[in-house]
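S.K.: The structure that follows is given in the form of structure tokens.
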Amino acid sequence: MKDREFMYQVVWPLGKTRSRPRSGAPRLDTLEGKTVCELWNYVYSGNLSFPMIEELLKKQYPTMRFVNYAEFGNTHGPKEREVIEALPRKLAEFGCDAVISGNGG
Amino acid sequence: MQAEKVGIPSVTVALTGFVEQARAVGKGEGISNLRVAEYPGRIQMHSPQELREGVATLIPQIVNGLTEEEEERVTSTPEPAPRDIVFGGTFEEVNEFFYEHQWSDGLPIVPPTIDKVEELLRYTDRSPDEIIGVLRPEMREATVWNIAVNGVMAGCRPEYMPVLVAIVEVMADPQFGLEHAGSTPGWEALIILNGPIRRQLGFNWETGVLRPGNRANVSIGRFFRLYMRNVPRFLPGITDKATFGQNFRGVLPENEEAVAEIGWQPLSVDRGFRAGENVVTISSCRHMSNPLKTVGAVAEEHLDRITDLMLRTQEHYWVAYGPVAPTLIISPVVAKKLSMEDYSKDDIRKYIYDHAKVPAHLFDKELQVNWRGMTACAFVEQGILPALYCESDDPNRLLPILQGSKPEDLLIVVSGDPNRNRSMICHQNSTQGFPTSKRITLPGNWEELMAEPGR
């Protein structure tokens, strides 16, 4: 039997989470005719991949419209807080139905 | 995430190896079913054909992510209250339990019993329940209580508590950019300490200052990384994507006595505090340079070597990310040599800024690491770099590698063996772990507490 003197009753080292799980946005019934807005963190070749994404999606959905990432600013960098804060307003202004954000890596 | 929060469906594109991190960050923000499209492999290493093939694999994932509803993955398990006992056992059993739950750094921890935690809490006037901030990625509350818990675990003496609180205040400051600390460079903190508390707590700032061996230096350095693990929850492989990572680094106190002797001001004064105040400054450190030996009877011989080290060891393209704030650590004997030739810290900064330049063709070549096809001039056009980066199209024009930060963002600290002529540079990670300073607040009865037997 263990000697009680050598027993340690210990507490939790983490902090309470403020994360409140919520549902993501409802998905779209189709991408046809929709406005898709691009958000880029200005790394990992987004300048090359976004035009290809546009081209390939347009083949499938010819009436789809894109708003280029340059309209929103760099989502990762010295001005990212301002860029992120301004997003809800800008997404509304551009009439964004959906967003593609990249590139994480 | 912002789009989802305002009701707009989104897909995040992540490269292979970063999908889990993207989902974990989404979960912290409350989006438990963030839709992620995986680009296969490392995009920067792909030929145009491979790039096209890789992008093609994204299309069905994007379409699906924007149009197909997915079952909610909302799970919520009750978590303990601060004073709840989560486990009881021997030293070894507690250590195993903490390790299994990813609450330990792999070294033995001191079991955080309530008694031990309360010993640290005596050294602050702040309420244990006070919330210092909410830390990403897991959006957990940093409290005075959990600072003390992790301080116990790291092996800190109770009187280190005021320093620990200041460290967490740095983490919670938006300027520090903690949320990006899981990025692939895997930086580690450089914690610099100024003020009389260095002596009161028995820090080392001379020979072997960054070596393990001195309890105050090493246990507080360990605390930083343990806290990063347990409160923001940077876990290697999940939310911490350090390619290699580094071990925690001991605290670097400045040798203020040597600084005063040569007529300079300590770093804390450079950072806007009064001389004699206790101040913690933390910077990310991508890597420490080699400990450069400099020789010569003329100041410029030392400065040229130091500038050359800066040029050889800092990635030139780094300024395109934003401000860069390296720390130059110089030993007292080198500082003395420079001061004897009338170099102030500002003069040293100016010298390095003026000379740390590379030809434009090399700068442009390095830009390709992250921005294929881009040039310094293109970045000037986009407003990312200032106009001086494109004053001509001469490929041999010289471009500064430190431009973008204000002069005082080149931090200078005097520390290390007082008799050895060496210097080191801590290369900083731009907006991630940007140098941030906080005053250390002592409890009202500090002198009384420090006079207690055994202190």
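Chains: A, B, ... in order of the structure tokens. Residues: from 1 per chain. Ligands: from 1, in order shown.
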Pull out every residue of chain B sitting within 6 Å of chain A, counting only C-alpha atoms, and send them as a PDB file with N, CA and C atoms, in the first residue's frame.
M.R.:
ATOM      1  N   GLU B   4     -17.649  32.183 -42.214  1.00  0.00           N
ATOM      2  CA  GLU B   4     -18.626  31.267 -41.605  1.00  0.00           C
ATOM      3  C   GLU B   4     -19.389  31.972 -40.489  1.00  0.00           C
ATOM      4  N   GLY B   7     -22.196  33.832 -41.761  1.00  0.00           N
ATOM      5  CA  GLY B   7     -23.186  33.054 -42.519  1.00  0.00           C
ATOM      6  C   GLY B   7     -22.817  32.779 -43.965  1.00  0.00           C
ATOM      7  N   ILE B   8     -21.548  32.956 -44.324  1.00  0.00           N
ATOM      8  CA  ILE B   8     -21.118  32.689 -45.706  1.00  0.00           C
ATOM      9  C   ILE B   8     -20.304  31.401 -45.725  1.00  0.00           C
ATOM     10  N   PRO B   9     -20.712  30.420 -46.521  1.00  0.00           N
ATOM     11  CA  PRO B   9     -19.956  29.165 -46.544  1.00  0.00           C
ATOM     12  C   PRO B   9     -18.550  29.370 -47.107  1.00  0.00           C
ATOM     13  N   SER B  10     -17.605  28.634 -46.564  1.00  0.00           N
ATOM     14  CA  SER B  10     -16.216  28.816 -46.998  1.00  0.00           C
ATOM     15  C   SER B  10     -15.505  27.478 -47.093  1.00  0.00           C
ATOM     16  N   VAL B  11     -14.433  27.489 -47.861  1.00  0.00           N
ATOM     17  CA  VAL B  11     -13.509  26.360 -47.904  1.00  0.00           C
ATOM     18  C   VAL B  11     -12.105  26.924 -47.701  1.00  0.00           C
ATOM     19  N   THR B  12     -11.350  26.288 -46.828  1.00  0.00           N
ATOM     20  CA  THR B  12      -9.964  26.690 -46.602  1.00  0.00           C
ATOM     21  C   THR B  12      -9.063  25.719 -47.347  1.00  0.00           C
ATOM     22  N   VAL B  13      -8.162  26.249 -48.158  1.00  0.00           N
ATOM     23  CA  VAL B  13      -7.207  25.392 -48.863  1.00  0.00           C
ATOM     24  C   VAL B  13      -5.967  25.254 -47.988  1.00  0.00           C
ATOM     25  N   ALA B  14      -5.592  24.011 -47.702  1.00  0.00           N
ATOM     26  CA  ALA B  14      -4.388  23.769 -46.892  1.00  0.00           C
ATOM     27  C   ALA B  14      -3.533  22.726 -47.593  1.00  0.00           C
ATOM     28  N   LEU B  15      -2.227  22.887 -47.475  1.00  0.00           N
ATOM     29  CA  LEU B  15      -1.325  21.917 -48.084  1.00  0.00           C
ATOM     30  C   LEU B  15      -1.281  20.654 -47.220  1.00  0.00           C
ATOM     31  N   PHE B  18      -1.166  20.051 -43.190  1.00  0.00           N
ATOM     32  CA  PHE B  18      -1.664  21.200 -42.436  1.00  0.00           C
ATOM     33  C   PHE B  18      -3.186  21.185 -42.281  1.00  0.00           C
ATOM     34  N   GLY B  28     -11.051  25.907 -32.362  1.00  0.00           N
ATOM     35  CA  GLY B  28     -10.818  26.925 -31.337  1.00  0.00           C
ATOM     36  C   GLY B  28     -11.693  28.147 -31.557  1.00  0.00           C
ATOM     37  N   GLU B  29     -11.920  28.472 -32.815  1.00  0.00           N
ATOM     38  CA  GLU B  29     -12.753  29.632 -33.155  1.00  0.00           C
ATOM     39  C   GLU B  29     -14.232  29.288 -33.102  1.00  0.00           C
ATOM     40  N   GLY B  30     -14.535  28.043 -32.789  1.00  0.00           N
ATOM     41  CA  GLY B  30     -15.935  27.645 -32.643  1.00  0.00           C
ATOM     42  C   GLY B  30     -16.503  26.942 -33.862  1.00  0.00           C
ATOM     43  N   ILE B  31     -15.730  26.876 -34.961  1.00  0.00           N
ATOM     44  CA  ILE B  31     -16.234  26.215 -36.172  1.00  0.00           C
ATOM     45  C   ILE B  31     -15.721  24.773 -36.147  1.00  0.00           C
ATOM     46  N   LEU B  66     -18.541  23.679 -50.419  1.00  0.00           N
ATOM     47  CA  LEU B  66     -19.434  24.845 -50.484  1.00  0.00           C
ATOM     48  C   LEU B  66     -20.898  24.462 -50.665  1.00  0.00           C
ATOM     49  N   THR B  67     -21.134  23.211 -51.095  1.00  0.00           N
ATOM     50  CA  THR B  67     -22.523  22.858 -51.430  1.00  0.00           C
ATOM     51  C   THR B  67     -23.094  21.691 -50.607  1.00  0.00           C
ATOM     52  N   GLU B  69     -23.914  19.799 -47.185  1.00  0.00           N
ATOM     53  CA  GLU B  69     -23.978  19.930 -45.726  1.00  0.00           C
ATOM     54  C   GLU B  69     -23.191  18.785 -45.111  1.00  0.00           C
ATOM     55  N   ASP B  84     -10.322  21.968  -8.668  1.00  0.00           N
ATOM     56  CA  ASP B  84     -10.683  20.543  -8.668  1.00  0.00           C
ATOM     57  C   ASP B  84      -9.417  19.679  -8.654  1.00  0.00           C
ATOM     58  N   ILE B  85      -9.455  18.606  -7.879  1.00  0.00           N
ATOM     59  CA  ILE B  85      -8.334  17.658  -7.894  1.00  0.00           C
ATOM     60  C   ILE B  85      -8.564  16.707  -9.067  1.00  0.00           C
ATOM     61  N   VAL B  86      -7.642  16.715 -10.010  1.00  0.00           N
ATOM     62  CA  VAL B  86      -7.848  15.883 -11.204  1.00  0.00           C
ATOM     63  C   VAL B  86      -7.171  14.525 -11.074  1.00  0.00           C
ATOM     64  N   PHE B  87      -6.280  14.391 -10.093  1.00  0.00           N
ATOM     65  CA  PHE B  87      -5.568  13.116  -9.941  1.00  0.00           C
ATOM     66  C   PHE B  87      -4.871  13.099  -8.584  1.00  0.00           C
ATOM     67  N   GLY B  88      -4.723  11.902  -8.050  1.00  0.00           N
ATOM     68  CA  GLY B  88      -3.929  11.717  -6.840  1.00  0.00           C
ATOM     69  C   GLY B  88      -3.001  10.536  -7.028  1.00  0.00           C
ATOM     70  N   GLY B  89      -1.779  10.680  -6.631  1.00  0.00           N
ATOM     71  CA  GLY B  89      -0.845   9.563  -6.791  1.00  0.00           C
ATOM     72  C   GLY B  89       0.553   9.942  -6.370  1.00  0.00           C
ATOM     73  N   THR B  90       1.462   9.014  -6.574  1.00  0.00           N
ATOM     74  CA  THR B  90       2.863   9.272  -6.257  1.00  0.00           C
ATOM     75  C   THR B  90       3.456  10.239  -7.274  1.00  0.00           C
ATOM     76  N   PRO B 112       1.571  19.785  -9.225  1.00  0.00           N
ATOM     77  CA  PRO B 112       0.925  21.041  -8.820  1.00  0.00           C
ATOM     78  C   PRO B 112      -0.185  20.811  -7.791  1.00  0.00           C
ATOM     79  N   THR B 113       0.200  20.690  -6.561  1.00  0.00           N
ATOM     80  CA  THR B 113      -0.787  20.575  -5.488  1.00  0.00           C
ATOM     81  C   THR B 113      -1.291  21.976  -5.149  1.00  0.00           C
ATOM     82  N   MET B 139      -8.273  29.134 -27.554  1.00  0.00           N
ATOM     83  CA  MET B 139      -9.103  30.160 -26.917  1.00  0.00           C
ATOM     84  C   MET B 139      -9.320  29.847 -25.442  1.00  0.00           C
ATOM     85  N   ARG B 140      -8.211  29.611 -24.748  1.00  0.00           N
ATOM     86  CA  ARG B 140      -8.315  29.308 -23.313  1.00  0.00           C
ATOM     87  C   ARG B 140      -7.912  30.521 -22.479  1.00  0.00           C
ATOM     88  N   GLU B 141      -8.535  30.603 -21.314  1.00  0.00           N
ATOM     89  CA  GLU B 141      -8.262  31.735 -20.433  1.00  0.00           C
ATOM     90  C   GLU B 141      -6.897  31.577 -19.773  1.00  0.00           C
ATOM     91  N   ASN B 146      -3.690  29.701 -13.296  1.00  0.00           N
ATOM     92  CA  ASN B 146      -2.982  28.693 -14.113  1.00  0.00           C
ATOM     93  C   ASN B 146      -1.536  29.092 -14.426  1.00  0.00           C
ATOM     94  N   VAL B 149       0.047  27.455 -11.464  1.00  0.00           N
ATOM     95  CA  VAL B 149       0.064  25.989 -11.620  1.00  0.00           C
ATOM     96  C   VAL B 149       1.235  25.572 -12.526  1.00  0.00           C
ATOM     97  N   ASN B 230       0.181  24.278 -22.465  1.00  0.00           N
ATOM     98  CA  ASN B 230      -0.981  23.989 -21.637  1.00  0.00           C
ATOM     99  C   ASN B 230      -2.118  25.000 -21.709  1.00  0.00           C
ATOM    100  N   VAL B 231      -1.846  26.218 -22.110  1.00  0.00           N
ATOM    101  CA  VAL B 231      -2.963  27.175 -22.130  1.00  0.00           C
ATOM    102  C   VAL B 231      -3.358  27.532 -23.574  1.00  0.00           C
ATOM    103  N   GLY B 322       6.972  41.822 -43.442  1.00  0.00           N
ATOM    104  CA  GLY B 322       6.626  42.903 -42.529  1.00  0.00           C
ATOM    105  C   GLY B 322       7.831  43.283 -41.717  1.00  0.00           C
ATOM    106  N   ASN B 370       8.877  32.280 -51.469  1.00  0.00           N
ATOM    107  CA  ASN B 370       7.453  32.334 -51.142  1.00  0.00           C
ATOM    108  C   ASN B 370       6.590  32.958 -52.219  1.00  0.00           C
TER     109      ASN B 370
END
S.K.: Counting only C-alpha atoms, what is within 12 Å of range 302-309 of chain B, bar same-chain residues fewer than 6 positions away, as a PyMOL selection string?
M.R.: chain B and resi 288-296+315+327-331+333-339+341+343+345+347-358+400-402+421-427
S.K.: Dump C-alpha atoms for the selected residues as a compact mmCIF listing (two decimals), in the first residue's frame?
M.R.:
# COMPACT_ATOMS: atom_id res chain seq x y z
CA MET B 288 20.51 31.98 -32.81
CA SER B 289 23.51 32.69 -34.95
CA ASN B 290 26.89 31.24 -34.21
CA PRO B 291 28.66 33.08 -31.39
CA LEU B 292 30.72 35.34 -33.60
CA LYS B 293 34.20 36.28 -32.49
CA THR B 294 35.18 39.82 -33.42
CA VAL B 295 38.65 41.25 -33.14
CA GLY B 296 40.46 44.52 -33.80
CA GLU B 315 16.87 35.31 -45.08
CA THR B 327 18.24 41.04 -31.30
CA LEU B 328 21.98 41.60 -31.23
CA ILE B 329 23.55 40.18 -28.09
CA ILE B 330 27.03 41.49 -27.45
CA SER B 331 29.41 40.56 -24.70
CA VAL B 333 34.03 43.53 -23.70
CA VAL B 334 32.78 44.15 -27.26
CA ALA B 335 30.26 46.72 -26.01
CA LYS B 336 33.05 48.48 -24.15
CA LYS B 337 35.24 48.60 -27.25
CA LEU B 338 32.40 50.14 -29.28
CA SER B 339 31.53 52.67 -26.58
CA GLU B 341 35.03 54.75 -29.83
CA TYR B 343 29.40 54.39 -30.61
CA LYS B 345 23.43 51.90 -29.35
CA ASP B 347 25.02 54.54 -33.81
CA ILE B 348 25.42 50.77 -33.90
CA ARG B 349 21.89 50.34 -35.21
CA LYS B 350 22.46 52.95 -37.91
CA TYR B 351 25.71 51.31 -38.96
CA ILE B 352 24.06 47.93 -39.34
CA TYR B 353 20.99 49.33 -41.12
CA ASP B 354 23.21 51.26 -43.53
CA HIS B 355 25.45 48.31 -44.32
CA ALA B 356 23.17 45.25 -44.18
CA LYS B 357 22.28 45.36 -47.87
CA VAL B 358 22.30 42.89 -50.73
CA PRO B 400 18.44 46.67 -47.15
CA ILE B 401 17.46 43.42 -45.48
CA LEU B 402 16.27 45.15 -42.30
CA ASN B 421 34.77 39.05 -27.46
CA ARG B 422 31.73 37.36 -28.99
CA SER B 423 28.32 38.42 -30.31
CA MET B 424 25.18 36.53 -31.36
CA ILE B 425 22.11 37.46 -33.34
CA CYS B 426 18.64 36.15 -32.57
CA HIS B 427 16.75 36.22 -35.87
